[in-house]
Structures are given as structure tokens and as C-alpha cells.
$ cat final35.pdb   # PDB, C-alpha atoms and all ligand atoms
ATOM      1  CA  MET O   1      43.553 -31.141 -50.046  1.00  0.00           C
ATOM      2  CA  ASN O   2      44.765 -34.004 -47.954  1.00  0.00           C
ATOM      3  CA  ASP O   3      43.672 -34.057 -44.343  1.00  0.00           C
ATOM      4  CA  LYS O   4      44.080 -37.604 -43.194  1.00  0.00           C
ATOM      5  CA  ILE O   5      45.471 -38.514 -39.787  1.00  0.00           C
ATOM      6  CA  VAL O   6      49.045 -39.756 -39.982  1.00  0.00           C
ATOM      7  CA  MET O   7      51.377 -41.461 -37.526  1.00  0.00           C
ATOM      8  CA  PRO O   8      55.029 -40.627 -36.834  1.00  0.00           C
ATOM      9  CA  GLY O   9      57.186 -42.087 -39.619  1.00  0.00           C
ATOM     10  CA  ASP O  10      54.377 -42.255 -42.186  1.00  0.00           C
ATOM     11  CA  ARG O  11      55.473 -41.416 -45.707  1.00  0.00           C
ATOM     12  CA  LEU O  12      53.845 -38.144 -46.805  1.00  0.00           C
ATOM     13  CA  SER O  13      55.595 -37.165 -50.012  1.00  0.00           C
ATOM     14  CA  THR O  14      58.918 -37.040 -51.750  1.00  0.00           C
ATOM     15  CA  SER O  15      61.207 -34.054 -51.298  1.00  0.00           C
ATOM     16  CA  GLU O  16      60.895 -33.421 -55.029  1.00  0.00           C
ATOM     17  CA  GLU O  17      57.169 -32.831 -54.742  1.00  0.00           C
ATOM     18  CA  LEU O  18      57.074 -30.868 -51.485  1.00  0.00           C
ATOM     19  CA  LEU O  19      59.259 -29.228 -48.868  1.00  0.00           C
ATOM     20  CA  PRO O  20      59.400 -30.597 -45.344  1.00  0.00           C
ATOM     21  CA  GLY O  21      57.238 -28.312 -43.201  1.00  0.00           C
ATOM     22  CA  GLU O  22      56.112 -28.124 -39.604  1.00  0.00           C
ATOM     23  CA  GLY O  23      55.717 -31.542 -37.947  1.00  0.00           C
ATOM     24  CA  THR O  24      57.631 -33.425 -40.654  1.00  0.00           C
ATOM     25  CA  PHE O  25      61.184 -34.504 -41.413  1.00  0.00           C
ATOM     26  CA  GLU O  26      63.072 -35.480 -44.517  1.00  0.00           C
ATOM     27  CA  GLU O  27      65.027 -38.677 -44.859  1.00  0.00           C
ATOM     28  CA  ASP O  28      66.593 -40.029 -48.056  1.00  0.00           C
ATOM     29  CA  GLY O  29      64.395 -37.887 -50.263  1.00  0.00           C
ATOM     30  CA  VAL O  30      61.179 -38.838 -48.469  1.00  0.00           C
ATOM     31  CA  ILE O  31      59.147 -36.531 -46.231  1.00  0.00           C
ATOM     32  CA  ARG O  32      57.725 -38.300 -43.220  1.00  0.00           C
ATOM     33  CA  ALA O  33      55.471 -37.323 -40.323  1.00  0.00           C
ATOM     34  CA  ALA O  34      57.292 -36.430 -37.114  1.00  0.00           C
ATOM     35  CA  ARG O  35      54.142 -36.592 -34.986  1.00  0.00           C
ATOM     36  CA  VAL O  36      50.576 -37.792 -34.872  1.00  0.00           C
ATOM     37  CA  GLY O  37      48.390 -35.319 -36.639  1.00  0.00           C
ATOM     38  CA  LYS O  38      46.521 -34.178 -39.667  1.00  0.00           C
ATOM     39  CA  PHE O  39      48.517 -34.185 -42.900  1.00  0.00           C
ATOM     40  CA  LEU O  40      47.980 -31.196 -45.143  1.00  0.00           C
ATOM     41  CA  VAL O  41      49.774 -29.482 -47.958  1.00  0.00           C
ATOM     42  CA  ASN O  42      50.604 -25.815 -47.545  1.00  0.00           C
ATOM     43  CA  LYS O  43      50.002 -24.622 -51.100  1.00  0.00           C
ATOM     44  CA  LYS O  44      51.712 -21.266 -50.565  1.00  0.00           C
ATOM     45  CA  TYR O  45      55.048 -22.827 -49.643  1.00  0.00           C
ATOM     46  CA  MET O  46      54.426 -26.185 -51.312  1.00  0.00           C
ATOM     47  CA  SER O  47      55.315 -27.858 -48.058  1.00  0.00           C
ATOM     48  CA  ALA O  48      54.000 -30.911 -46.251  1.00  0.00           C
ATOM     49  CA  GLU O  49      52.749 -30.165 -42.738  1.00  0.00           C
ATOM     50  CA  VAL O  50      51.404 -32.249 -39.910  1.00  0.00           C
ATOM     51  CA  LYS O  51      49.116 -30.287 -37.606  1.00  0.00           C
ATOM     52  CA  PRO O  52      48.694 -31.694 -34.115  1.00  0.00           C
ATOM     53  CA  VAL O  53      45.164 -32.823 -33.362  1.00  0.00           C
ATOM     54  CA  THR O  54      45.474 -34.520 -29.996  1.00  0.00           C
ATOM     55  CA  SER O  55      45.964 -31.238 -28.139  1.00  0.00           C
ATOM     56  CA  ILE O  56      42.844 -29.595 -29.519  1.00  0.00           C
ATOM     57  CA  PRO O  57      39.822 -30.587 -27.465  1.00  0.00           C
ATOM     58  CA  VAL O  58      36.543 -31.249 -29.201  1.00  0.00           C
ATOM     59  CA  LEU O  59      33.348 -29.322 -28.529  1.00  0.00           C
ATOM     60  CA  ILE O  60      30.092 -31.246 -28.455  1.00  0.00           C
ATOM     61  CA  LYS O  61      27.952 -30.318 -31.443  1.00  0.00           C
ATOM     62  CA  LYS O  62      24.350 -30.865 -32.480  1.00  0.00           C
ATOM     63  CA  GLY O  63      24.148 -34.150 -34.413  1.00  0.00           C
ATOM     64  CA  ASP O  64      27.130 -35.763 -32.697  1.00  0.00           C
ATOM     65  CA  ILE O  65      26.921 -39.400 -31.661  1.00  0.00           C
ATOM     66  CA  VAL O  66      28.349 -39.666 -28.160  1.00  0.00           C
ATOM     67  CA  ILE O  67      29.145 -42.244 -25.498  1.00  0.00           C
ATOM     68  CA  ALA O  68      27.770 -41.200 -22.108  1.00  0.00           C
ATOM     69  CA  LYS O  69      27.570 -42.633 -18.608  1.00  0.00           C
ATOM     70  CA  VAL O  70      24.459 -42.370 -16.445  1.00  0.00           C
ATOM     71  CA  ASP O  71      25.055 -40.163 -13.395  1.00  0.00           C
ATOM     72  CA  SER O  72      21.570 -40.014 -11.914  1.00  0.00           C
ATOM     73  CA  VAL O  73      18.083 -41.212 -12.790  1.00  0.00           C
ATOM     74  CA  LYS O  74      15.125 -38.986 -11.978  1.00  0.00           C
ATOM     75  CA  SER O  75      11.376 -39.358 -12.513  1.00  0.00           C
ATOM     76  CA  SER O  76      11.198 -37.663 -15.901  1.00  0.00           C
ATOM     77  CA  MET O  77      14.807 -37.645 -17.099  1.00  0.00           C
ATOM     78  CA  LEU O  78      18.284 -38.878 -16.478  1.00  0.00           C
ATOM     79  CA  ILE O  79      21.518 -36.966 -16.212  1.00  0.00           C
ATOM     80  CA  ALA O  80      24.576 -38.387 -17.954  1.00  0.00           C
ATOM     81  CA  GLU O  81      28.154 -37.391 -18.445  1.00  0.00           C
ATOM     82  CA  VAL O  82      29.351 -37.339 -22.047  1.00  0.00           C
ATOM     83  CA  LEU O  83      32.671 -39.212 -22.110  1.00  0.00           C
ATOM     84  CA  HIS O  84      33.440 -39.378 -25.771  1.00  0.00           C
ATOM     85  CA  VAL O  85      32.353 -38.056 -29.142  1.00  0.00           C
ATOM     86  CA  VAL O  86      32.324 -40.992 -31.586  1.00  0.00           C
ATOM     87  CA  GLY O  87      34.926 -40.559 -34.308  1.00  0.00           C
ATOM     88  CA  LYS O  88      36.915 -37.951 -32.373  1.00  0.00           C
ATOM     89  CA  ASN O  89      40.030 -39.234 -30.712  1.00  0.00           C
ATOM     90  CA  ARG O  90      40.239 -36.237 -28.414  1.00  0.00           C
ATOM     91  CA  GLY O  91      39.164 -34.965 -25.050  1.00  0.00           C
ATOM     92  CA  ILE O  92      36.022 -32.883 -24.672  1.00  0.00           C
ATOM     93  CA  SER O  93      36.108 -29.260 -23.618  1.00  0.00           C
ATOM     94  CA  GLY O  94      33.221 -27.355 -22.125  1.00  0.00           C
ATOM     95  CA  ASP O  95      30.078 -28.753 -20.571  1.00  0.00           C
ATOM     96  CA  THR O  96      29.754 -32.559 -20.594  1.00  0.00           C
ATOM     97  CA  SER O  97      26.591 -32.924 -18.545  1.00  0.00           C
ATOM     98  CA  ALA O  98      23.709 -34.060 -20.734  1.00  0.00           C
ATOM     99  CA  THR O  99      20.006 -34.607 -20.159  1.00  0.00           C
ATOM    100  CA  LEU O 100      18.041 -37.526 -21.591  1.00  0.00           C
ATOM    101  CA  HIS O 101      14.360 -36.757 -21.184  1.00  0.00           C
ATOM    102  CA  VAL O 102      11.980 -39.696 -20.741  1.00  0.00           C
ATOM    103  CA  SER O 103      10.231 -38.881 -24.047  1.00  0.00           C
ATOM    104  CA  GLU O 104      13.577 -39.169 -25.891  1.00  0.00           C
ATOM    105  CA  ILE O 105      14.498 -42.667 -24.657  1.00  0.00           C
ATOM    106  CA  ALA O 106      12.540 -44.808 -27.135  1.00  0.00           C
ATOM    107  CA  ARG O 107      10.068 -44.478 -29.984  1.00  0.00           C
ATOM    108  CA  GLY O 108       7.360 -46.093 -27.877  1.00  0.00           C
ATOM    109  CA  TYR O 109       5.987 -44.814 -24.582  1.00  0.00           C
ATOM    110  CA  VAL O 110       8.332 -44.932 -21.610  1.00  0.00           C
ATOM    111  CA  LYS O 111       6.785 -44.149 -18.231  1.00  0.00           C
ATOM    112  CA  GLU O 112       9.983 -43.511 -16.319  1.00  0.00           C
ATOM    113  CA  PRO O 113      13.712 -43.634 -17.098  1.00  0.00           C
ATOM    114  CA  ALA O 114      14.399 -46.077 -14.248  1.00  0.00           C
ATOM    115  CA  THR O 115      12.829 -48.924 -16.279  1.00  0.00           C
ATOM    116  CA  GLU O 116      15.313 -48.365 -19.125  1.00  0.00           C
ATOM    117  CA  PHE O 117      18.595 -47.215 -17.572  1.00  0.00           C
ATOM    118  CA  GLY O 118      20.517 -47.579 -14.336  1.00  0.00           C
ATOM    119  CA  VAL O 119      23.241 -45.471 -12.736  1.00  0.00           C
ATOM    120  CA  GLY O 120      26.649 -46.350 -14.169  1.00  0.00           C
ATOM    121  CA  ASP O 121      25.280 -47.624 -17.501  1.00  0.00           C
ATOM    122  CA  TYR O 122      27.249 -46.685 -20.595  1.00  0.00           C
ATOM    123  CA  PHE O 123      25.132 -45.774 -23.574  1.00  0.00           C
ATOM    124  CA  ARG O 124      25.314 -44.332 -27.049  1.00  0.00           C
ATOM    125  CA  ALA O 125      23.200 -41.262 -27.761  1.00  0.00           C
ATOM    126  CA  LYS O 126      22.672 -38.552 -30.308  1.00  0.00           C
ATOM    127  CA  VAL O 127      22.970 -34.876 -29.422  1.00  0.00           C
ATOM    128  CA  PHE O 128      20.037 -32.790 -30.674  1.00  0.00           C
ATOM    129  CA  GLN O 129      20.625 -29.634 -28.650  1.00  0.00           C
ATOM    130  CA  VAL O 130      23.710 -28.072 -27.084  1.00  0.00           C
ATOM    131  CA  LYS O 131      22.429 -24.728 -25.807  1.00  0.00           C
ATOM    132  CA  PRO O 132      21.359 -23.764 -23.186  1.00  0.00           C
ATOM    133  CA  SER O 133      21.857 -27.364 -22.086  1.00  0.00           C
ATOM    134  CA  ILE O 134      23.004 -30.564 -23.790  1.00  0.00           C
ATOM    135  CA  GLN O 135      19.987 -32.688 -24.718  1.00  0.00           C
ATOM    136  CA  ILE O 136      20.406 -36.215 -26.050  1.00  0.00           C
ATOM    137  CA  THR O 137      18.188 -38.933 -27.498  1.00  0.00           C
ATOM    138  CA  THR O 138      18.362 -42.746 -27.705  1.00  0.00           C
ATOM    139  CA  LYS O 139      15.352 -43.232 -30.002  1.00  0.00           C
ATOM    140  CA  ASP O 140      17.216 -44.825 -32.933  1.00  0.00           C
ATOM    141  CA  GLY O 141      18.070 -48.550 -32.944  1.00  0.00           C
ATOM    142  CA  ASP O 142      21.813 -48.206 -32.756  1.00  0.00           C
ATOM    143  CA  LEU O 143      21.463 -45.933 -29.741  1.00  0.00           C
ATOM    144  CA  GLY O 144      20.945 -47.056 -26.164  1.00  0.00           C
ATOM    145  CA  ALA O 145      22.879 -48.961 -23.524  1.00  0.00           C
ATOM    146  CA  ILE O 146      26.140 -50.618 -24.583  1.00  0.00           C
ATOM    147  CA  LYS O 147      27.207 -51.750 -21.122  1.00  0.00           C
ATOM    148  CA  SER O 148      24.938 -51.944 -18.091  1.00  0.00           C
ATOM    149  CA  LEU O 149      25.504 -52.869 -14.497  1.00  0.00           C
ATOM    150  CA  CYS O 150      23.289 -55.014 -12.290  1.00  0.00           C
ATOM    151  CA  THR O 151      21.428 -52.689  -9.910  1.00  0.00           C
ATOM    152  CA  LYS O 152      21.728 -55.312  -7.144  1.00  0.00           C
ATOM    153  CA  CYS O 153      25.379 -56.327  -7.283  1.00  0.00           C
ATOM    154  CA  ARG O 154      26.990 -53.972  -9.860  1.00  0.00           C
ATOM    155  CA  ASN O 155      28.183 -56.850 -12.050  1.00  0.00           C
ATOM    156  CA  PRO O 156      28.057 -56.182 -15.823  1.00  0.00           C
ATOM    157  CA  LEU O 157      24.827 -57.508 -17.327  1.00  0.00           C
ATOM    158  CA  VAL O 158      24.924 -59.980 -20.218  1.00  0.00           C
ATOM    159  CA  LYS O 159      22.451 -59.842 -23.109  1.00  0.00           C
ATOM    160  CA  LYS O 160      20.109 -62.835 -23.290  1.00  0.00           C
ATOM    161  CA  GLY O 161      17.663 -62.268 -26.128  1.00  0.00           C
ATOM    162  CA  ASN O 162      15.891 -59.013 -25.405  1.00  0.00           C
ATOM    163  CA  ILE O 163      16.656 -59.043 -21.710  1.00  0.00           C
ATOM    164  CA  LEU O 164      19.828 -58.474 -19.723  1.00  0.00           C
ATOM    165  CA  GLU O 165      20.890 -60.953 -17.099  1.00  0.00           C
ATOM    166  CA  CYS O 166      23.374 -60.801 -14.258  1.00  0.00           C
ATOM    167  CA  GLU O 167      25.560 -63.908 -14.320  1.00  0.00           C
ATOM    168  CA  ASN O 168      26.539 -63.229 -10.732  1.00  0.00           C
ATOM    169  CA  CYS O 169      23.185 -63.000  -8.941  1.00  0.00           C
ATOM    170  CA  GLY O 170      20.716 -64.085 -11.635  1.00  0.00           C
ATOM    171  CA  ASN O 171      18.919 -60.749 -11.592  1.00  0.00           C
ATOM    172  CA  LYS O 172      17.114 -60.045 -14.892  1.00  0.00           C
ATOM    173  CA  GLN O 173      16.771 -56.482 -16.060  1.00  0.00           C
ATOM    174  CA  LYS O 174      15.287 -54.637 -18.956  1.00  0.00           C
ATOM    175  CA  ARG O 175      17.216 -51.867 -20.648  1.00  0.00           C
ATOM    176  CA  ARG O 176      16.936 -49.614 -23.643  1.00  0.00           C
ATOM    177  CA  ILE O 177      19.826 -51.407 -25.347  1.00  0.00           C
ATOM    178  CA  ALA O 178      21.710 -50.618 -28.516  1.00  0.00           C
ATOM    179  CA  THR O 179      21.756 -53.314 -31.212  1.00  0.00           C
ATOM    180  CA  ASP O 180      25.458 -53.972 -30.500  1.00  0.00           C
ATOM    181  CA  TYR O 181      25.124 -54.202 -26.724  1.00  0.00           C
ATOM    182  CA  GLY O 182      28.115 -55.911 -25.105  1.00  0.00           C
ATOM    183  CA  GLU O 183      30.178 -56.017 -28.295  1.00  0.00           C
ATOM    184  CA  ILE O 184      32.059 -52.790 -27.744  1.00  0.00           C
ATOM    185  CA  ASP O 185      35.444 -52.529 -26.094  1.00  0.00           C
ATOM    186  CA  LEU O 186      35.053 -49.454 -23.915  1.00  0.00           C
ATOM    187  CA  ASN O 187      38.809 -49.096 -23.688  1.00  0.00           C
ATOM    188  CA  LYS O 188      39.056 -48.616 -27.443  1.00  0.00           C
ATOM    189  CA  LEU O 189      36.590 -45.832 -28.024  1.00  0.00           C
TER     190      LEU O 189
HETATM  191 ZN    ZN O 201      23.660 -59.002 -10.007  1.00  0.00          ZN
END

$ encode --input "final35.pdb" --output "C-alpha cells" --more "lines below"
Ligand SMILES: [Zn+2]
Amino acid sequence: MNDKIVMPGDRLSTSEELLPGEGTFEEDGVIRAARVGKFLVNKKYMSAEVKPVTSIPVLIKKGDIVIAKVDSVKSSMLIAEVLHVVGKNRGISGDTSATLHVSEIARGYVKEPATEFGVGDYFRAKVFQVKPSIQITTKDGDLGAIKSLCTKCRNPLVKKGNILECENCGNKQKRRIATDYGEIDLNKL
């Protein structure tokens, strides 16, 4: 069973092997994808089909790695909006509001979330509960902030060793940062 994502025009098969099915077209004996989607072979009809994937929203599941943005920071937790499920090029349906409890921020002791995250920070987290509420953790090394804003002037902070620095106002701030902080293009998630 083939289920890879194909682009319009991609060669899927020859018309000798398979029939052109839904979401495909035939041209000079070759079956090609007519849309972006998941390529699969319908064994019953021996046809090539491309199922649309972009229109099906993704539900957040336990174990997902997600990109979230900090909405508010409280004394024992922070509230974040889940923007993206890593590896899923689709919108999210259902609840996107997630809670990161202070005890789930790092492996060591964290007194309060405000020392590790600021409002507007983008961070990578792992979902460990979805019901009754979405609970996330940043304990692992590749989790944590990937883009943070200066709390004084809202400029993006630049990583300098283990600390983040604002190149605009010189403010230095600590964050629970991911190992690849600052290296991710947020427009290409
Ligand atoms: Zn600043």
C-alpha cells in the first residue's frame, strides 16, 4: 500500500498497471496526480487514486509534538495556543488551548513559569493529555522556546550561549529554550 503525498503532475503509474481513478488523470499512457493528496491504490478496481488531505483538519492527539504560542503566564502554569502539529500540513480542528504546568517545563525545579517563558513566545511541546484539557510538556531537550520576544520592547531575542539577548535594548533574558532555538523558519512549519 502506497500512501505518500503527491503533487499535481506527479507520475503515479502507467495505464497498463492501473486505471486512472479519483484525483488522477491519464496522459500518454501515464497516470498522474491531478491534485495534492495521498496516493493510494484501490485494489478492488486496480485504480490509482489521490485522496485530498489538505481539507481534512487534524485533531491533536496524545504524543503529538506541537508548536504553540504563549497566550498568558500565570503563577503555576501558562496557557498557550497550539498552532501546528509537527509533521501535519493541515489546520487543527477542535480545542487548541493547551496548559503547560510549571512542573512540566523542565526536568529541574522551576519556581514559576514567568522565569522561563514570556507572552508571545513560540515553543515546541509534547502533548501528554488531550482530555478533559490539553496538557503539554517541554521537559525534553528538543522542546522549549524556538522564538522569544523581549518583554521590554517586543523585539525577537537572539541566543547568546545559554542566555537570550535583545539586540534592540540589550535586555538579557532566560528562557526554557529548545536546542534549535532561532534556527526555525516559522513560516515554513
Ligand atoms: Zn528589548

$ resolve_selection --input "final35.pdb" --expression "the PyMOL selection byres (((chain O and resi 15-26) around 10) and not hetatm)" --output "VMD selection string"
chain O and resid 8 to 14 27 to 43 45 to 52

$ resolve_selection --input "final35.pdb" --expression "the PyMOL selection byres (((chain O and resi 156) around 9) and not hetatm)" --output "list in words"
Lys147, Ser148, Leu149, Cys150, Cys153, Arg154, Asn155, Leu157, Val158, Glu165, Cys166, Glu167 and Asn168 of chain O

$ closest_residue --input "final35.pdb" --among "O:Ile67, O:Val130, O:Ala80, O:Val119" --to "Leu143 of chain O" --atoms "all atoms listed in the file"
O:Ile67

$ residues_around --input "final35.pdb" --residues "Gln135 of chain O" --least-positions-apart "5" --cutoff "10 Å" --atoms "all atoms listed in the file" --output "ChimeraX atom specification"
/O:62,79-80,97-101,104,125-130

$ write_last_selection --input "final35.pdb" --atoms "C-alpha atoms" --output "mmCIF file, in the frame of the given file"
data_model
loop_
_atom_site.group_PDB
_atom_site.id
_atom_site.type_symbol
_atom_site.label_atom_id
_atom_site.label_comp_id
_atom_site.auth_asym_id
_atom_site.auth_seq_id
_atom_site.Cartn_x
_atom_site.Cartn_y
_atom_site.Cartn_z
ATOM 1 C CA LYS O 62 24.350 -30.865 -32.480
ATOM 2 C CA ILE O 79 21.518 -36.966 -16.212
ATOM 3 C CA ALA O 80 24.576 -38.387 -17.954
ATOM 4 C CA SER O 97 26.591 -32.924 -18.545
ATOM 5 C CA ALA O 98 23.709 -34.060 -20.734
ATOM 6 C CA THR O 99 20.006 -34.607 -20.159
ATOM 7 C CA LEU O 100 18.041 -37.526 -21.591
ATOM 8 C CA HIS O 101 14.360 -36.757 -21.184
ATOM 9 C CA GLU O 104 13.577 -39.169 -25.891
ATOM 10 C CA ALA O 125 23.200 -41.262 -27.761
ATOM 11 C CA LYS O 126 22.672 -38.552 -30.308
ATOM 12 C CA VAL O 127 22.970 -34.876 -29.422
ATOM 13 C CA PHE O 128 20.037 -32.790 -30.674
ATOM 14 C CA GLN O 129 20.625 -29.634 -28.650
ATOM 15 C CA VAL O 130 23.710 -28.072 -27.084
#

$ resolve_selection --input "final35.pdb" --expression "the PyMOL selection byres (((chain O and resi 124) around 12) and not hetatm)" --output "VMD selection string"
chain O and resid 64 to 70 80 to 86 100 105 117 121 to 123 125 to 127 136 to 148 176 to 181 184 186 189

$ write_last_selection --input "final35.pdb" --atoms "C-alpha atoms" --output "JSON list (two decimals), in the frame of the given file"
[["chain", "number", "residue", "atom", "x", "y", "z"],
["O", 64, "ASP", "CA", 27.13, -35.76, -32.70],
["O", 65, "ILE", "CA", 26.92, -39.40, -31.66],
["O", 66, "VAL", "CA", 28.35, -39.67, -28.16],
["O", 67, "ILE", "CA", 29.14, -42.24, -25.50],
["O", 68, "ALA", "CA", 27.77, -41.20, -22.11],
["O", 69, "LYS", "CA", 27.57, -42.63, -18.61],
["O", 70, "VAL", "CA", 24.46, -42.37, -16.44],
["O", 80, "ALA", "CA", 24.58, -38.39, -17.95],
["O", 81, "GLU", "CA", 28.15, -37.39, -18.44],
["O", 82, "VAL", "CA", 29.35, -37.34, -22.05],
["O", 83, "LEU", "CA", 32.67, -39.21, -22.11],
["O", 84, "HIS", "CA", 33.44, -39.38, -25.77],
["O", 85, "VAL", "CA", 32.35, -38.06, -29.14],
["O", 86, "VAL", "CA", 32.32, -40.99, -31.59],
["O", 100, "LEU", "CA", 18.04, -37.53, -21.59],
["O", 105, "ILE", "CA", 14.50, -42.67, -24.66],
["O", 117, "PHE", "CA", 18.60, -47.22, -17.57],
["O", 121, "ASP", "CA", 25.28, -47.62, -17.50],
["O", 122, "TYR", "CA", 27.25, -46.68, -20.60],
["O", 123, "PHE", "CA", 25.13, -45.77, -23.57],
["O", 125, "ALA", "CA", 23.20, -41.26, -27.76],
["O", 126, "LYS", "CA", 22.67, -38.55, -30.31],
["O", 127, "VAL", "CA", 22.97, -34.88, -29.42],
["O", 136, "ILE", "CA", 20.41, -36.22, -26.05],
["O", 137, "THR", "CA", 18.19, -38.93, -27.50],
["O", 138, "THR", "CA", 18.36, -42.75, -27.70],
["O", 139, "LYS", "CA", 15.35, -43.23, -30.00],
["O", 140, "ASP", "CA", 17.22, -44.82, -32.93],
["O", 141, "GLY", "CA", 18.07, -48.55, -32.94],
["O", 142, "ASP", "CA", 21.81, -48.21, -32.76],
["O", 143, "LEU", "CA", 21.46, -45.93, -29.74],
["O", 144, "GLY", "CA", 20.94, -47.06, -26.16],
["O", 145, "ALA", "CA", 22.88, -48.96, -23.52],
["O", 146, "ILE", "CA", 26.14, -50.62, -24.58],
["O", 147, "LYS", "CA", 27.21, -51.75, -21.12],
["O", 148, "SER", "CA", 24.94, -51.94, -18.09],
["O", 176, "ARG", "CA", 16.94, -49.61, -23.64],
["O", 177, "ILE", "CA", 19.83, -51.41, -25.35],
["O", 178, "ALA", "CA", 21.71, -50.62, -28.52],
["O", 179, "THR", "CA", 21.76, -53.31, -31.21],
["O", 180, "ASP", "CA", 25.46, -53.97, -30.50],
["O", 181, "TYR", "CA", 25.12, -54.20, -26.72],
["O", 184, "ILE", "CA", 32.06, -52.79, -27.74],
["O", 186, "LEU", "CA", 35.05, -49.45, -23.92],
["O", 189, "LEU", "CA", 36.59, -45.83, -28.02]]

$ closest_residue --input "final35.pdb" --among "O:Val102, O:Gly91, O:Leu164, O:Asp185" --to "ligand ZN 201 (chain O)" --atoms "all atoms listed in the file"
O:Leu164

$ atom_distance --input "final35.pdb" --atom1 "atom CA of Met77 of chain O" --atom2 "atom CA of Glu112 of chain O"
7.6 Å

$ atom_distance --input "final35.pdb" --atom1 "atom CA of Lys88 of chain O" --atom2 "atom CA of Lys61 of chain O"
11.8 Å

$ closest_residue --input "final35.pdb" --among "O:Ile92, O:Lys44, O:Gly87, O:Ser72" --to "Ile56 of chain O" --atoms "all atoms listed in the file"
O:Ile92

$ atom_distance --input "final35.pdb" --atom1 "atom CA of Glu183 of chain O" --atom2 "atom CA of Ala114 of chain O"
23.3 Å

$ closest_residue --input "final35.pdb" --among "O:Lys172, O:Arg107, O:Arg90, O:Lys159" --to "ligand ZN 201 (chain O)" --atoms "all atoms listed in the file"
O:Lys172

$ residues_near_point --input "final35.pdb" --point "(14.0, -47.8, -14.7)" --cutoff "10 Å" --atoms "only C-alpha atoms" --output "PyMOL selection string"
chain O and resi 73-75+110-119+173-176

$ write_last_selection --input "final35.pdb" --atoms "C-alpha atoms" --output "mmCIF file, in the frame of the given file"
data_model
loop_
_atom_site.group_PDB
_atom_site.id
_atom_site.type_symbol
_atom_site.label_atom_id
_atom_site.label_comp_id
_atom_site.auth_asym_id
_atom_site.auth_seq_id
_atom_site.Cartn_x
_atom_site.Cartn_y
_atom_site.Cartn_z
ATOM 1 C CA VAL O 73 18.083 -41.212 -12.790
ATOM 2 C CA LYS O 74 15.125 -38.986 -11.978
ATOM 3 C CA SER O 75 11.376 -39.358 -12.513
ATOM 4 C CA VAL O 110 8.332 -44.932 -21.610
ATOM 5 C CA LYS O 111 6.785 -44.149 -18.231
ATOM 6 C CA GLU O 112 9.983 -43.511 -16.319
ATOM 7 C CA PRO O 113 13.712 -43.634 -17.098
ATOM 8 C CA ALA O 114 14.399 -46.077 -14.248
ATOM 9 C CA THR O 115 12.829 -48.924 -16.279
ATOM 10 C CA GLU O 116 15.313 -48.365 -19.125
ATOM 11 C CA PHE O 117 18.595 -47.215 -17.572
ATOM 12 C CA GLY O 118 20.517 -47.579 -14.336
ATOM 13 C CA VAL O 119 23.241 -45.471 -12.736
ATOM 14 C CA GLN O 173 16.771 -56.482 -16.060
ATOM 15 C CA LYS O 174 15.287 -54.637 -18.956
ATOM 16 C CA ARG O 175 17.216 -51.867 -20.648
ATOM 17 C CA ARG O 176 16.936 -49.614 -23.643
#

$ closest_residue --input "final35.pdb" --among "O:Lys4, O:Lys152, O:Lys131, O:Lys160" --to "ligand ZN 201 (chain O)" --atoms "all atoms listed in the file"
O:Lys152

$ closest_residue --input "final35.pdb" --among "O:Ser103, O:Asn171, O:Ser76, O:Asn162" --to "ligand ZN 201 (chain O)" --atoms "only C-alpha atoms and all ligand atoms"
O:Asn171
